[in-house]
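Below is one structure, written out as structure tokens; the observations come after it.
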Amino acid sequence: MLSTYTWPRYATRRAPELGARETRRVPLVIVGAGPVGLAAAIDAALRGLPVVVLDDDNTVSVGSRGVCYAKRTLEIFDRLGVGQRVVDKGVTWNVGRTFHGEREVFSFNLLPEAGHQRPGMVNLQQYHLEQYLVERAQQLEAIDLRWQHKLTQVTPGSDGVTLQIDTADGPYTLHADWLVAADGARSTVRRQMGLDVEGKVFQDRFLIADIVLDGEPFPLERTERRFWFAPRFHPGESALMHRQADDVWRLDFQLGWDADPEAEKDPERVRARVRAALDQQGFEHIGFELEWVSVYTFQCRRMERFRHGRVLFVGDSAHQVSPFGARGANSGVQDTDNLIWKLKLVIDGCAPASLLDSYSVERIAAADENLLNSTRSTDFMTPKSRAARVLRDAVLSLADEVPAGRALVNSGRLSVPTWLVDSALNTPDVDHFDGWMVPGAPMDDAPVRGPQGDGWLLRCLADSGNRFALLHFGRADEPTRRTAAELGLDLVALIDAAEPAPDALHDVKGLAARRYDARHGTCYLIRPDQHVAARWRRFDGAALRTALGRATGLAP
Amino acid sequence: MPLNTQPNFAEPGVRQRWAYTPGDAFYESLVAAHRGLTDSQSELLNARLIVLLGNHIGDLAVLREAMALARAGVVAHEVDSTIDPTL
């Protein structure tokens, strides 16, 4: 097994604090070097925050875990500097097909709309992603990545957190002004602080078989996700087939709560299941090797708050969802995207610590949306009573007859970013706008053309510094430019495609104007995490100043 | 007016970003309505619901069209029914 990937072993280093008489203070410690902790560390370093990362292991995740990375997460990875590697190595797919028995009942296209740089979803084994993030982190001097440094004790105080850490060379103490807990579902930090995470365990078991195929079921460029309710090869239960990098495929079989996890992992038994699944799709001629097998259960739960004084919980340590919908790693990365710019402002003394409460409020809204959708998917896929199963099967039987039936088939509602419409950081509209780019919305991408050639709106905003930005439709006049500079905003002026201006950035297909319902003079205040904070039909310096204060927690 | 077979769930005054959200909410509510009931109670609940909704719709032509569509599918799918009677 595990023929397609060789695990890197990262060297551990002796901690300089070992044997020191005084406890060293550092501004920021991140616990956990998984995808979420590494994304947080890279984001912090890119904003100029020195960070210590602790991990009790010395390699990337073993076995295949997360698989699907959503458009929004890819856009964040672009800002962190790993997006292209993930897209190049991963498998891009947009089409998902759903079957009931052998009948196709439903198919969806994640990205029916053109004019976005990134696809709806890219599949990639988690270990590749983690390796890319580690290699990116190693390029950044501000990151002190400490492998096999195991956190054993957490003592929160009013001005930070004291950490006891075990290493092969002995234990040491570190004082962190701020601590980010990215240490997973069984978070040491959470348990050390005696904090609960509330929710429910789903009474069901699932088998994962990652396999290497020696043939092509369908061409790479037409990769599909296939999902079955009650296929002939797996009667009465659901199954899923997904492509990953390097000809590795993920098969996921629902087993039911009574299944014996050990017996189900028996390679012969797994091979028989896989063979049947391939054969029924007409792939009798394709052989396979098992790459990874595991049986899992899952929970849907979250902490009551994600901020506890100087400690901030991100990713699985704060919330856990069912895997249906790929809302785990994706939401964890989006947590850090929401948190780190706020932390930077607070550490620099540019915003009150209470700004970090908005991290908790905004990401709880996201976690609740993820929990709601993944629970609804789970309840559709694995009915818990006869009445629920009859209803589910009624929907499936209607699905290939009427659009109304199809719309109710739920084989996973895939990860999408959260519209933070209720956030206190937003400035409510005073002008009328249509479309979806309301205050709190995650920005839509659009193609642009500038002096450097063709590009993308989201990248242009990121390249100008990951700060707050003023997106101005049409040329900005002198007072606008001056106010933006005074407020420390990056000014991105987007000119109509027809206007001749070789030195400017053009809305080359008019899609930005359409998506942002923009006219000449419309301007948007954009947060560093590329959510809309405020917007106006015409630039107003005083309103902009107030909105920026509000978005940074300075004003009510 | 003929039977509407297009997706039609909505919450008045609520603008949903994703088309699937109101339908999923309906489904969730319906499953929740059955929670804790025995099988025969569930059957009764379904029947009561049909009577209430049928009265709300009122238009007999629409109701007869829905009944015919529902029945045709049941007869067609009987052979590959996945309903496990022991559940």
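Scheme for the structure tokens: letters A, B, ... for chains in order shown; per-chain residue numbers from 1; ligand numbers from 1 in order shown.
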
Could you list the residues in chain B lying within 8 Å of chain A, using only C-alpha atoms, and format the result as a compact mmCIF listing (two decimals) with C-alpha atoms, in the first residue's frame?
# COMPACT_ATOMS: atom_id res chain seq x y z
CA THR B 5 -43.14 20.57 -11.42
CA GLN B 6 -40.38 23.17 -11.27
CA PRO B 7 -38.49 23.80 -7.99
CA ASN B 8 -40.79 26.14 -6.10
CA ARG B 17 -27.90 32.76 -2.27
CA TYR B 20 -31.04 24.39 -3.00
CA GLY B 23 -35.88 22.88 -0.67
CA ASP B 24 -33.38 21.42 1.79
CA TYR B 27 -37.03 18.36 3.52
CA GLU B 28 -35.45 18.85 6.93
CA VAL B 31 -38.18 14.61 8.41
CA HIS B 34 -41.80 12.44 11.70
CA ASP B 39 -44.47 3.71 11.40
CA SER B 42 -45.92 8.37 10.31
CA GLU B 43 -48.37 7.05 7.73
CA GLY B 73 -44.00 6.53 -10.78
CA HIS B 77 -40.51 1.77 -9.87
CA THR B 82 -35.10 -0.12 -2.30
CA ILE B 83 -37.40 0.21 0.66
CA LEU B 87 -36.39 -0.84 8.80

Residue neighbourhood range 467-484 of chain A, 8 Å, only C-alpha atoms, exclusion window fewer than 6 positions, as an NGL selection string
:A and (461 or 490-496 or 513 or 518-528 or 539 or 541)

Apply DSSP to the structure's backbone, then extract all residues of range 302-506 of chain A labelled strand (DSSP E) and return them as a PyMOL selection string.
chain A and resi 302+307-308+311-313+319-320+447-450+453-456+469-473+490-496+505-506

Write the residues of the preceding selection, restricted to N, CA and C atoms, as a short mmCIF file (atom, residue, chain, number, x, y, z; two decimals), in the first residue's frame.
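The resulting again07.cif:
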data_model
loop_
_atom_site.label_atom_id
_atom_site.label_comp_id
_atom_site.auth_asym_id
_atom_site.auth_seq_id
_atom_site.Cartn_x
_atom_site.Cartn_y
_atom_site.Cartn_z
N ARG A 302 -19.61 22.04 17.35
CA ARG A 302 -18.72 23.20 17.42
C ARG A 302 -18.62 23.72 18.84
N ARG A 307 -13.13 32.35 20.35
CA ARG A 307 -12.10 33.13 21.02
C ARG A 307 -12.26 32.98 22.53
N HIS A 308 -11.18 32.62 23.19
CA HIS A 308 -11.16 32.58 24.64
C HIS A 308 -9.97 33.42 25.09
N VAL A 311 -6.55 33.16 23.32
CA VAL A 311 -6.50 31.90 22.57
C VAL A 311 -7.60 31.87 21.51
N LEU A 312 -7.21 31.55 20.28
CA LEU A 312 -8.16 31.52 19.16
C LEU A 312 -8.17 30.13 18.54
N PHE A 313 -9.37 29.58 18.41
CA PHE A 313 -9.51 28.23 17.87
C PHE A 313 -9.89 28.31 16.39
N HIS A 319 -14.56 23.31 15.28
CA HIS A 319 -15.80 22.79 14.70
C HIS A 319 -15.50 21.58 13.84
N GLN A 320 -16.43 20.62 13.86
CA GLN A 320 -16.27 19.43 13.03
C GLN A 320 -17.58 19.14 12.32
N PRO A 447 -12.32 38.55 -14.94
CA PRO A 447 -11.10 38.76 -15.72
C PRO A 447 -10.82 40.25 -15.89
N VAL A 448 -9.53 40.61 -15.81
CA VAL A 448 -9.13 42.01 -16.00
C VAL A 448 -7.92 42.04 -16.94
N ARG A 449 -7.67 43.20 -17.52
CA ARG A 449 -6.47 43.35 -18.35
C ARG A 449 -5.75 44.63 -17.93
N GLY A 450 -4.45 44.48 -17.64
CA GLY A 450 -3.68 45.64 -17.21
C GLY A 450 -2.41 45.77 -18.01
N GLY A 453 -0.76 42.63 -18.86
CA GLY A 453 -1.49 41.65 -19.64
C GLY A 453 -2.74 41.18 -18.93
N ASP A 454 -3.21 39.98 -19.31
CA ASP A 454 -4.46 39.47 -18.74
C ASP A 454 -4.25 38.98 -17.32
N GLY A 455 -5.23 39.21 -16.49
CA GLY A 455 -5.14 38.76 -15.10
C GLY A 455 -6.52 38.62 -14.50
N TRP A 456 -6.57 38.59 -13.19
CA TRP A 456 -7.82 38.36 -12.47
C TRP A 456 -7.98 39.38 -11.36
N ALA A 469 -8.68 47.53 0.76
CA ALA A 469 -8.56 48.11 -0.57
C ALA A 469 -9.82 48.90 -0.91
N LEU A 470 -9.63 49.89 -1.76
CA LEU A 470 -10.77 50.60 -2.34
C LEU A 470 -10.82 50.20 -3.81
N LEU A 471 -11.89 49.48 -4.15
CA LEU A 471 -12.09 49.09 -5.54
C LEU A 471 -12.96 50.17 -6.17
N HIS A 472 -12.39 50.89 -7.14
CA HIS A 472 -13.08 52.05 -7.71
C HIS A 472 -13.37 51.78 -9.19
N PHE A 473 -14.62 51.84 -9.56
CA PHE A 473 -14.98 51.62 -10.97
C PHE A 473 -14.87 52.95 -11.71
N ASP A 490 -5.20 50.32 -0.41
CA ASP A 490 -4.75 50.10 -1.78
C ASP A 490 -5.89 50.52 -2.69
N LEU A 491 -5.58 51.38 -3.62
CA LEU A 491 -6.61 51.84 -4.54
C LEU A 491 -6.50 51.04 -5.83
N VAL A 492 -7.55 50.33 -6.16
CA VAL A 492 -7.58 49.58 -7.42
C VAL A 492 -8.68 50.19 -8.27
N ALA A 493 -8.28 50.88 -9.33
CA ALA A 493 -9.26 51.50 -10.22
C ALA A 493 -9.45 50.60 -11.43
N LEU A 494 -10.68 50.31 -11.74
CA LEU A 494 -11.02 49.39 -12.82
C LEU A 494 -11.75 50.19 -13.89
N ILE A 495 -11.14 50.23 -15.09
CA ILE A 495 -11.64 51.10 -16.16
C ILE A 495 -12.47 50.28 -17.14
N ASP A 496 -13.49 50.92 -17.68
CA ASP A 496 -14.32 50.28 -18.70
C ASP A 496 -13.46 49.78 -19.86
N LEU A 505 -6.00 49.39 -15.40
CA LEU A 505 -6.58 48.05 -15.30
C LEU A 505 -7.98 48.10 -15.89
N HIS A 506 -8.24 47.19 -16.83
CA HIS A 506 -9.52 47.21 -17.53
C HIS A 506 -10.42 46.06 -17.13
#

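The spacing separating CA of Ser358 in chain A from CA of Pro442 in chain A amounts to 15.9 Å.
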
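Among A:Ala20, A:Val161, A:Ala504, A:Ile286, the residue with the shortest atom-to-atom distance to Glu216 in chain A, counting only C-alpha atoms, is A:Ile286.
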
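In this model, the gap between CA of Ala181 in chain A and CA of Val31 in chain A comes to 5.1 Å.
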
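The neighbours of Thr73 in chain A here are the residues that come within 10 Å of it, using only C-alpha atoms and leaving out any residue fewer than 4 positions away in the same chain; they are Cys68, Tyr69, Phe77, Asp78, Arg79, Gly83, Arg118, Gly120, Met121, Val122, Ala329, Asn330, Ser331, Gly332, Val333, Gln334, Asp337, Ser415, Val416 and Pro417 of chain A.
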
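If you look at CA of Thr4 in chain A and CA of Ala33 in chain A, they are 22.5 Å away from each other.
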
For Ala142 in chain A, work out the shell of residues within 7 Å, counting only C-alpha atoms and skipping chain neighbours fewer than 4 positions away, then give it as a PyMOL selection string.
chain A and resi 45+49-51

Residue subset to file, keeping C-alpha atoms, as a PDB file, in the first residue's frame:
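Written file, out-v3.pdb:
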ATOM      1  CA  ALA A  45       4.400  35.759   7.958  1.00  0.00           C
ATOM      2  CA  LEU A  49       4.139  38.755  11.968  1.00  0.00           C
ATOM      3  CA  PRO A  50       6.847  36.441  13.325  1.00  0.00           C
ATOM      4  CA  VAL A  51       5.316  33.110  14.320  1.00  0.00           C
TER       5      VAL A  51
END

Can you list, as a VMD selection string, every protein, DNA or RNA residue that comes within 10 Å of Ala66 in chain B when you count only C-alpha atoms, leaving out same-chain residues fewer than 5 positions away?
chain B and resid 2 to 5 60 to 61 71 to 72

All residues 8 Å or closer to range 90-99 of chain A, only C-alpha atoms, same chain fewer than 2 positions away omitted, as a ChimeraX atom specification
/A:86-88,101-111,119-124,220-229,231,243-245,411

Using the selection just defined, write its residues with C-alpha atoms as a CSV table (one decimal), in the first residue's frame.
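The resulting file, out33.csv, is reproduced below:
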chain,number,residue,atom,x,y,z
A,86,VAL,CA,-2.4,22.8,-5.9
A,87,VAL,CA,-4.2,23.4,-9.1
A,88,ASP,CA,-1.4,21.9,-11.3
A,101,GLY,CA,-29.5,2.2,-8.5
A,102,GLU,CA,-28.3,2.4,-12.1
A,103,ARG,CA,-30.5,5.3,-13.1
A,104,GLU,CA,-28.8,8.8,-13.3
A,105,VAL,CA,-31.2,11.1,-11.4
A,106,PHE,CA,-29.3,14.3,-11.2
A,107,SER,CA,-26.1,16.0,-12.3
A,108,PHE,CA,-24.6,19.4,-11.3
A,109,ASN,CA,-22.0,21.7,-12.7
A,110,LEU,CA,-20.2,23.5,-9.9
A,111,LEU,CA,-19.2,26.4,-12.1
A,119,PRO,CA,-12.6,26.1,-10.8
A,120,GLY,CA,-15.3,25.0,-8.5
A,121,MET,CA,-13.3,22.3,-6.9
A,122,VAL,CA,-9.9,20.7,-7.1
A,123,ASN,CA,-9.2,17.2,-5.7
A,124,LEU,CA,-5.8,16.5,-4.1
A,220,LEU,CA,-8.8,13.6,-17.1
A,221,GLU,CA,-10.3,16.7,-18.6
A,222,ARG,CA,-13.8,15.2,-18.2
A,223,THR,CA,-13.4,14.1,-14.6
A,224,GLU,CA,-16.6,13.5,-12.7
A,225,ARG,CA,-17.6,12.9,-9.2
A,226,ARG,CA,-20.0,10.0,-9.0
A,227,PHE,CA,-22.4,9.3,-6.2
A,228,TRP,CA,-24.8,6.5,-5.9
A,229,PHE,CA,-27.9,5.9,-3.7
A,231,PRO,CA,-26.3,0.9,-6.3
A,243,ARG,CA,-10.5,11.2,-8.7
A,244,GLN,CA,-7.3,12.4,-6.9
A,245,ALA,CA,-3.8,13.1,-8.2
A,411,SER,CA,-25.7,14.1,-2.3

Output as an mmCIF file with N, CA and C atoms, in the first residue's frame all residues of chain B that backbone DSSP marks as alpha helix (DSSP H).
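Resulting contents of out-v2.cif:
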data_model
loop_
_atom_site.group_PDB
_atom_site.id
_atom_site.type_symbol
_atom_site.label_atom_id
_atom_site.label_comp_id
_atom_site.auth_asym_id
_atom_site.auth_seq_id
_atom_site.Cartn_x
_atom_site.Cartn_y
_atom_site.Cartn_z
ATOM 1 N N TYR B 20 -30.621 25.613 -3.701
ATOM 2 C CA TYR B 20 -31.036 24.392 -2.997
ATOM 3 C C TYR B 20 -31.512 24.656 -1.569
ATOM 4 N N THR B 21 -31.205 25.824 -1.029
ATOM 5 C CA THR B 21 -31.440 26.037 0.403
ATOM 6 C C THR B 21 -32.905 25.890 0.841
ATOM 7 N N PRO B 22 -33.875 26.550 0.181
ATOM 8 C CA PRO B 22 -35.249 26.407 0.693
ATOM 9 C C PRO B 22 -35.794 24.979 0.558
ATOM 10 N N GLY B 23 -35.435 24.275 -0.514
ATOM 11 C CA GLY B 23 -35.878 22.883 -0.667
ATOM 12 C C GLY B 23 -35.303 21.992 0.423
ATOM 13 N N ASP B 24 -34.014 22.203 0.722
ATOM 14 C CA ASP B 24 -33.383 21.420 1.790
ATOM 15 C C ASP B 24 -34.045 21.711 3.135
ATOM 16 N N ALA B 25 -34.443 22.959 3.326
ATOM 17 C CA ALA B 25 -35.097 23.326 4.587
ATOM 18 C C ALA B 25 -36.462 22.640 4.692
ATOM 19 N N PHE B 26 -37.186 22.582 3.576
ATOM 20 C CA PHE B 26 -38.474 21.871 3.564
ATOM 21 C C PHE B 26 -38.274 20.399 3.931
ATOM 22 N N TYR B 27 -37.288 19.786 3.295
ATOM 23 C CA TYR B 27 -37.029 18.362 3.523
ATOM 24 C C TYR B 27 -36.692 18.107 4.994
ATOM 25 N N GLU B 28 -35.853 18.977 5.528
ATOM 26 C CA GLU B 28 -35.450 18.845 6.933
ATOM 27 C C GLU B 28 -36.668 18.954 7.851
ATOM 28 N N SER B 29 -37.540 19.920 7.567
ATOM 29 C CA SER B 29 -38.729 20.104 8.408
ATOM 30 C C SER B 29 -39.637 18.881 8.344
ATOM 31 N N LEU B 30 -39.752 18.315 7.155
ATOM 32 C CA LEU B 30 -40.638 17.165 6.990
ATOM 33 C C LEU B 30 -40.095 15.948 7.749
ATOM 34 N N VAL B 31 -38.774 15.722 7.653
ATOM 35 C CA VAL B 31 -38.185 14.613 8.408
ATOM 36 C C VAL B 31 -38.362 14.869 9.902
ATOM 37 N N ALA B 32 -38.157 16.108 10.324
ATOM 38 C CA ALA B 32 -38.299 16.446 11.746
ATOM 39 C C ALA B 32 -39.730 16.199 12.223
ATOM 40 N N ALA B 33 -40.709 16.451 11.351
ATOM 41 C CA ALA B 33 -42.110 16.245 11.739
ATOM 42 C C ALA B 33 -42.393 14.775 12.060
ATOM 43 N N HIS B 34 -41.598 13.883 11.474
ATOM 44 C CA HIS B 34 -41.803 12.443 11.698
ATOM 45 C C HIS B 34 -41.018 11.908 12.894
ATOM 46 N N ASP B 39 -44.200 3.758 12.837
ATOM 47 C CA ASP B 39 -44.470 3.708 11.396
ATOM 48 C C ASP B 39 -45.918 4.050 11.081
ATOM 49 N N SER B 40 -46.848 3.525 11.891
ATOM 50 C CA SER B 40 -48.253 3.795 11.561
ATOM 51 C C SER B 40 -48.606 5.246 11.859
ATOM 52 N N GLN B 41 -47.984 5.816 12.892
ATOM 53 C CA GLN B 41 -48.199 7.252 13.139
ATOM 54 C C GLN B 41 -47.663 8.083 11.975
ATOM 55 N N SER B 42 -46.504 7.651 11.444
ATOM 56 C CA SER B 42 -45.924 8.372 10.309
ATOM 57 C C SER B 42 -46.835 8.331 9.092
ATOM 58 N N GLU B 43 -47.433 7.161 8.860
ATOM 59 C CA GLU B 43 -48.365 7.052 7.728
ATOM 60 C C GLU B 43 -49.550 7.989 7.911
ATOM 61 N N LEU B 44 -50.035 8.051 9.138
ATOM 62 C CA LEU B 44 -51.169 8.924 9.427
ATOM 63 C C LEU B 44 -50.760 10.384 9.238
ATOM 64 N N LEU B 45 -49.561 10.714 9.703
ATOM 65 C CA LEU B 45 -49.081 12.087 9.532
ATOM 66 C C LEU B 45 -49.038 12.448 8.049
ATOM 67 N N ASN B 46 -48.471 11.550 7.241
ATOM 68 C CA ASN B 46 -48.400 11.827 5.801
ATOM 69 C C ASN B 46 -49.789 12.060 5.212
ATOM 70 N N ALA B 47 -50.733 11.222 5.623
ATOM 71 C CA ALA B 47 -52.084 11.343 5.070
ATOM 72 C C ALA B 47 -52.738 12.656 5.502
ATOM 73 N N ARG B 48 -52.574 13.014 6.778
ATOM 74 C CA ARG B 48 -53.139 14.282 7.261
ATOM 75 C C ARG B 48 -52.544 15.464 6.495
ATOM 76 N N LEU B 49 -51.241 15.364 6.267
ATOM 77 C CA LEU B 49 -50.544 16.418 5.539
ATOM 78 C C LEU B 49 -51.101 16.558 4.124
ATOM 79 N N ILE B 50 -51.352 15.425 3.478
ATOM 80 C CA ILE B 50 -51.881 15.467 2.109
ATOM 81 C C ILE B 50 -53.245 16.140 2.086
ATOM 82 N N VAL B 51 -54.068 15.810 3.086
ATOM 83 C CA VAL B 51 -55.403 16.415 3.138
ATOM 84 C C VAL B 51 -55.284 17.932 3.309
ATOM 85 N N LEU B 52 -54.407 18.352 4.223
ATOM 86 C CA LEU B 52 -54.244 19.792 4.466
ATOM 87 C C LEU B 52 -53.714 20.512 3.232
ATOM 88 N N LEU B 53 -52.683 19.940 2.629
ATOM 89 C CA LEU B 53 -52.081 20.591 1.461
ATOM 90 C C LEU B 53 -53.029 20.550 0.274
ATOM 91 N N GLY B 54 -53.760 19.425 0.132
ATOM 92 C CA GLY B 54 -54.719 19.309 -0.959
ATOM 93 C C GLY B 54 -55.788 20.381 -0.855
ATOM 94 N N ASN B 55 -56.258 20.593 0.369
ATOM 95 C CA ASN B 55 -57.267 21.642 0.578
ATOM 96 C C ASN B 55 -56.687 23.018 0.261
ATOM 97 N N HIS B 56 -55.427 23.231 0.658
ATOM 98 C CA HIS B 56 -54.795 24.529 0.401
ATOM 99 C C HIS B 56 -54.675 24.789 -1.103
ATOM 100 N N ILE B 57 -54.300 23.750 -1.834
ATOM 101 C CA ILE B 57 -54.174 23.902 -3.292
ATOM 102 C C ILE B 57 -55.551 24.078 -3.915
ATOM 103 N N LEU B 60 -58.910 21.145 -8.251
ATOM 104 C CA LEU B 60 -58.993 19.695 -8.425
ATOM 105 C C LEU B 60 -58.207 19.202 -9.627
ATOM 106 N N ALA B 61 -58.125 20.017 -10.662
ATOM 107 C CA ALA B 61 -57.368 19.596 -11.846
ATOM 108 C C ALA B 61 -55.893 19.405 -11.484
ATOM 109 N N VAL B 62 -55.358 20.346 -10.718
ATOM 110 C CA VAL B 62 -53.958 20.249 -10.282
ATOM 111 C C VAL B 62 -53.758 19.010 -9.414
ATOM 112 N N LEU B 63 -54.680 18.804 -8.488
ATOM 113 C CA LEU B 63 -54.544 17.675 -7.565
ATOM 114 C C LEU B 63 -54.629 16.345 -8.308
ATOM 115 N N ARG B 64 -55.527 16.259 -9.276
ATOM 116 C CA ARG B 64 -55.649 15.003 -10.032
ATOM 117 C C ARG B 64 -54.401 14.754 -10.866
ATOM 118 N N GLU B 65 -53.837 15.828 -11.401
ATOM 119 C CA GLU B 65 -52.601 15.668 -12.180
ATOM 120 C C GLU B 65 -51.466 15.170 -11.280
ATOM 121 N N ALA B 66 -51.375 15.730 -10.069
ATOM 122 C CA ALA B 66 -50.334 15.304 -9.120
ATOM 123 C C ALA B 66 -50.530 13.845 -8.728
ATOM 124 N N MET B 67 -51.777 13.465 -8.487
ATOM 125 C CA MET B 67 -52.058 12.070 -8.100
ATOM 126 C C MET B 67 -51.657 11.112 -9.214
ATOM 127 N N ALA B 68 -51.987 11.486 -10.439
ATOM 128 C CA ALA B 68 -51.664 10.610 -11.568
ATOM 129 C C ALA B 68 -50.152 10.477 -11.730
ATOM 130 N N LEU B 69 -49.436 11.595 -11.594
ATOM 131 C CA LEU B 69 -47.978 11.565 -11.747
ATOM 132 C C LEU B 69 -47.342 10.714 -10.643
ATOM 133 N N ALA B 70 -47.816 10.915 -9.408
ATOM 134 C CA ALA B 70 -47.274 10.163 -8.280
ATOM 135 C C ALA B 70 -47.528 8.668 -8.463
ATOM 136 N N ARG B 71 -48.727 8.319 -8.904
ATOM 137 C CA ARG B 71 -49.087 6.909 -9.049
ATOM 138 C C ARG B 71 -48.295 6.239 -10.184
ATOM 139 N N ALA B 72 -48.148 6.956 -11.280
ATOM 140 C CA ALA B 72 -47.425 6.373 -12.411
ATOM 141 C C ALA B 72 -46.012 5.975 -11.997
ATOM 142 N N GLY B 73 -45.368 6.818 -11.221
ATOM 143 C CA GLY B 73 -44.005 6.529 -10.779
ATOM 144 C C GLY B 73 -43.937 5.336 -9.850
ATOM 145 N N VAL B 74 -44.932 5.191 -8.983
ATOM 146 C CA VAL B 74 -44.948 4.071 -8.038
ATOM 147 C C VAL B 74 -45.038 2.753 -8.797
ATOM 148 N N VAL B 75 -45.921 2.688 -9.765
ATOM 149 C CA VAL B 75 -46.082 1.463 -10.546
ATOM 150 C C VAL B 75 -44.802 1.169 -11.325
ATOM 151 N N ALA B 76 -44.212 2.205 -11.921
ATOM 152 C CA ALA B 76 -43.013 2.011 -12.735
ATOM 153 C C ALA B 76 -41.826 1.539 -11.900
ATOM 154 N N HIS B 77 -41.697 2.034 -10.674
ATOM 155 C CA HIS B 77 -40.507 1.766 -9.874
ATOM 156 C C HIS B 77 -40.641 0.585 -8.926
#

What's around range 340-342 of chain A at 12 Å? Count only C-alpha atoms, leave out sequence neighbours fewer than 2 positions away in its own chain, and write the answer as a PyMOL selection string.
chain A and resi 28+30+36-49+51+178-180+312-314+333-338+344-360+425+465-468+527-530+551-554

Output for the residues just chosen: C-alpha atoms as an mmCIF file, in the first residue's frame:
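Wrote it out as again.cif, contents follow:
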data_model
loop_
_atom_site.group_PDB
_atom_site.id
_atom_site.type_symbol
_atom_site.label_atom_id
_atom_site.label_comp_id
_atom_site.auth_asym_id
_atom_site.auth_seq_id
_atom_site.Cartn_x
_atom_site.Cartn_y
_atom_site.Cartn_z
ATOM 1 C CA LEU A 28 2.275 34.457 18.170
ATOM 2 C CA ILE A 30 0.321 28.348 16.301
ATOM 3 C CA VAL A 36 -5.086 25.065 8.714
ATOM 4 C CA GLY A 37 -2.145 25.818 11.022
ATOM 5 C CA LEU A 38 0.247 26.179 8.089
ATOM 6 C CA ALA A 39 -2.152 28.470 6.219
ATOM 7 C CA ALA A 40 -2.378 30.620 9.361
ATOM 8 C CA ALA A 41 1.415 30.713 9.719
ATOM 9 C CA ILE A 42 2.018 31.682 6.087
ATOM 10 C CA ASP A 43 -0.658 34.373 6.232
ATOM 11 C CA ALA A 44 0.893 35.775 9.443
ATOM 12 C CA ALA A 45 4.400 35.759 7.958
ATOM 13 C CA LEU A 46 3.232 37.479 4.773
ATOM 14 C CA ARG A 47 1.741 40.213 6.969
ATOM 15 C CA GLY A 48 5.063 40.598 8.785
ATOM 16 C CA LEU A 49 4.139 38.755 11.968
ATOM 17 C CA VAL A 51 5.316 33.110 14.320
ATOM 18 C CA TRP A 178 -1.458 35.135 21.284
ATOM 19 C CA LEU A 179 -2.106 31.458 20.679
ATOM 20 C CA VAL A 180 -3.850 29.981 17.642
ATOM 21 C CA LEU A 312 -8.157 31.522 19.162
ATOM 22 C CA PHE A 313 -9.510 28.234 17.866
ATOM 23 C CA VAL A 314 -9.457 27.505 14.125
ATOM 24 C CA VAL A 333 -8.557 27.616 5.858
ATOM 25 C CA GLN A 334 -11.325 30.221 5.634
ATOM 26 C CA ASP A 335 -11.151 30.587 9.452
ATOM 27 C CA THR A 336 -7.503 31.590 9.283
ATOM 28 C CA ASP A 337 -8.205 33.915 6.367
ATOM 29 C CA ASN A 338 -10.727 35.708 8.577
ATOM 30 C CA LYS A 344 -2.111 41.602 12.846
ATOM 31 C CA LEU A 345 -4.069 44.843 13.401
ATOM 32 C CA VAL A 346 -4.526 44.020 17.103
ATOM 33 C CA ILE A 347 -0.864 43.097 17.653
ATOM 34 C CA ASP A 348 0.213 46.308 15.904
ATOM 35 C CA GLY A 349 -2.076 48.340 18.146
ATOM 36 C CA CYS A 350 -4.157 49.484 15.159
ATOM 37 C CA ALA A 351 -7.368 47.832 16.367
ATOM 38 C CA PRO A 352 -8.823 46.934 19.771
ATOM 39 C CA ALA A 353 -8.623 43.315 20.926
ATOM 40 C CA SER A 354 -12.416 43.208 20.648
ATOM 41 C CA LEU A 355 -11.971 43.021 16.851
ATOM 42 C CA LEU A 356 -11.069 39.382 17.480
ATOM 43 C CA ASP A 357 -14.570 38.759 18.821
ATOM 44 C CA SER A 358 -15.770 39.430 15.287
ATOM 45 C CA TYR A 359 -13.597 36.494 14.206
ATOM 46 C CA SER A 360 -15.611 34.279 16.531
ATOM 47 C CA LEU A 425 -18.040 45.054 10.637
ATOM 48 C CA GLY A 465 -0.616 44.077 -0.487
ATOM 49 C CA ASN A 466 -3.297 42.020 1.269
ATOM 50 C CA ARG A 467 -4.527 45.195 2.942
ATOM 51 C CA PHE A 468 -7.874 46.940 2.948
ATOM 52 C CA ARG A 527 -11.376 43.714 3.574
ATOM 53 C CA PRO A 528 -7.987 42.003 3.497
ATOM 54 C CA ASP A 529 -9.820 38.643 3.359
ATOM 55 C CA GLN A 530 -11.631 39.831 0.215
ATOM 56 C CA ALA A 551 -14.583 47.256 9.728
ATOM 57 C CA THR A 552 -11.544 47.399 12.037
ATOM 58 C CA GLY A 553 -13.545 47.420 15.245
ATOM 59 C CA LEU A 554 -12.765 51.076 16.066
#
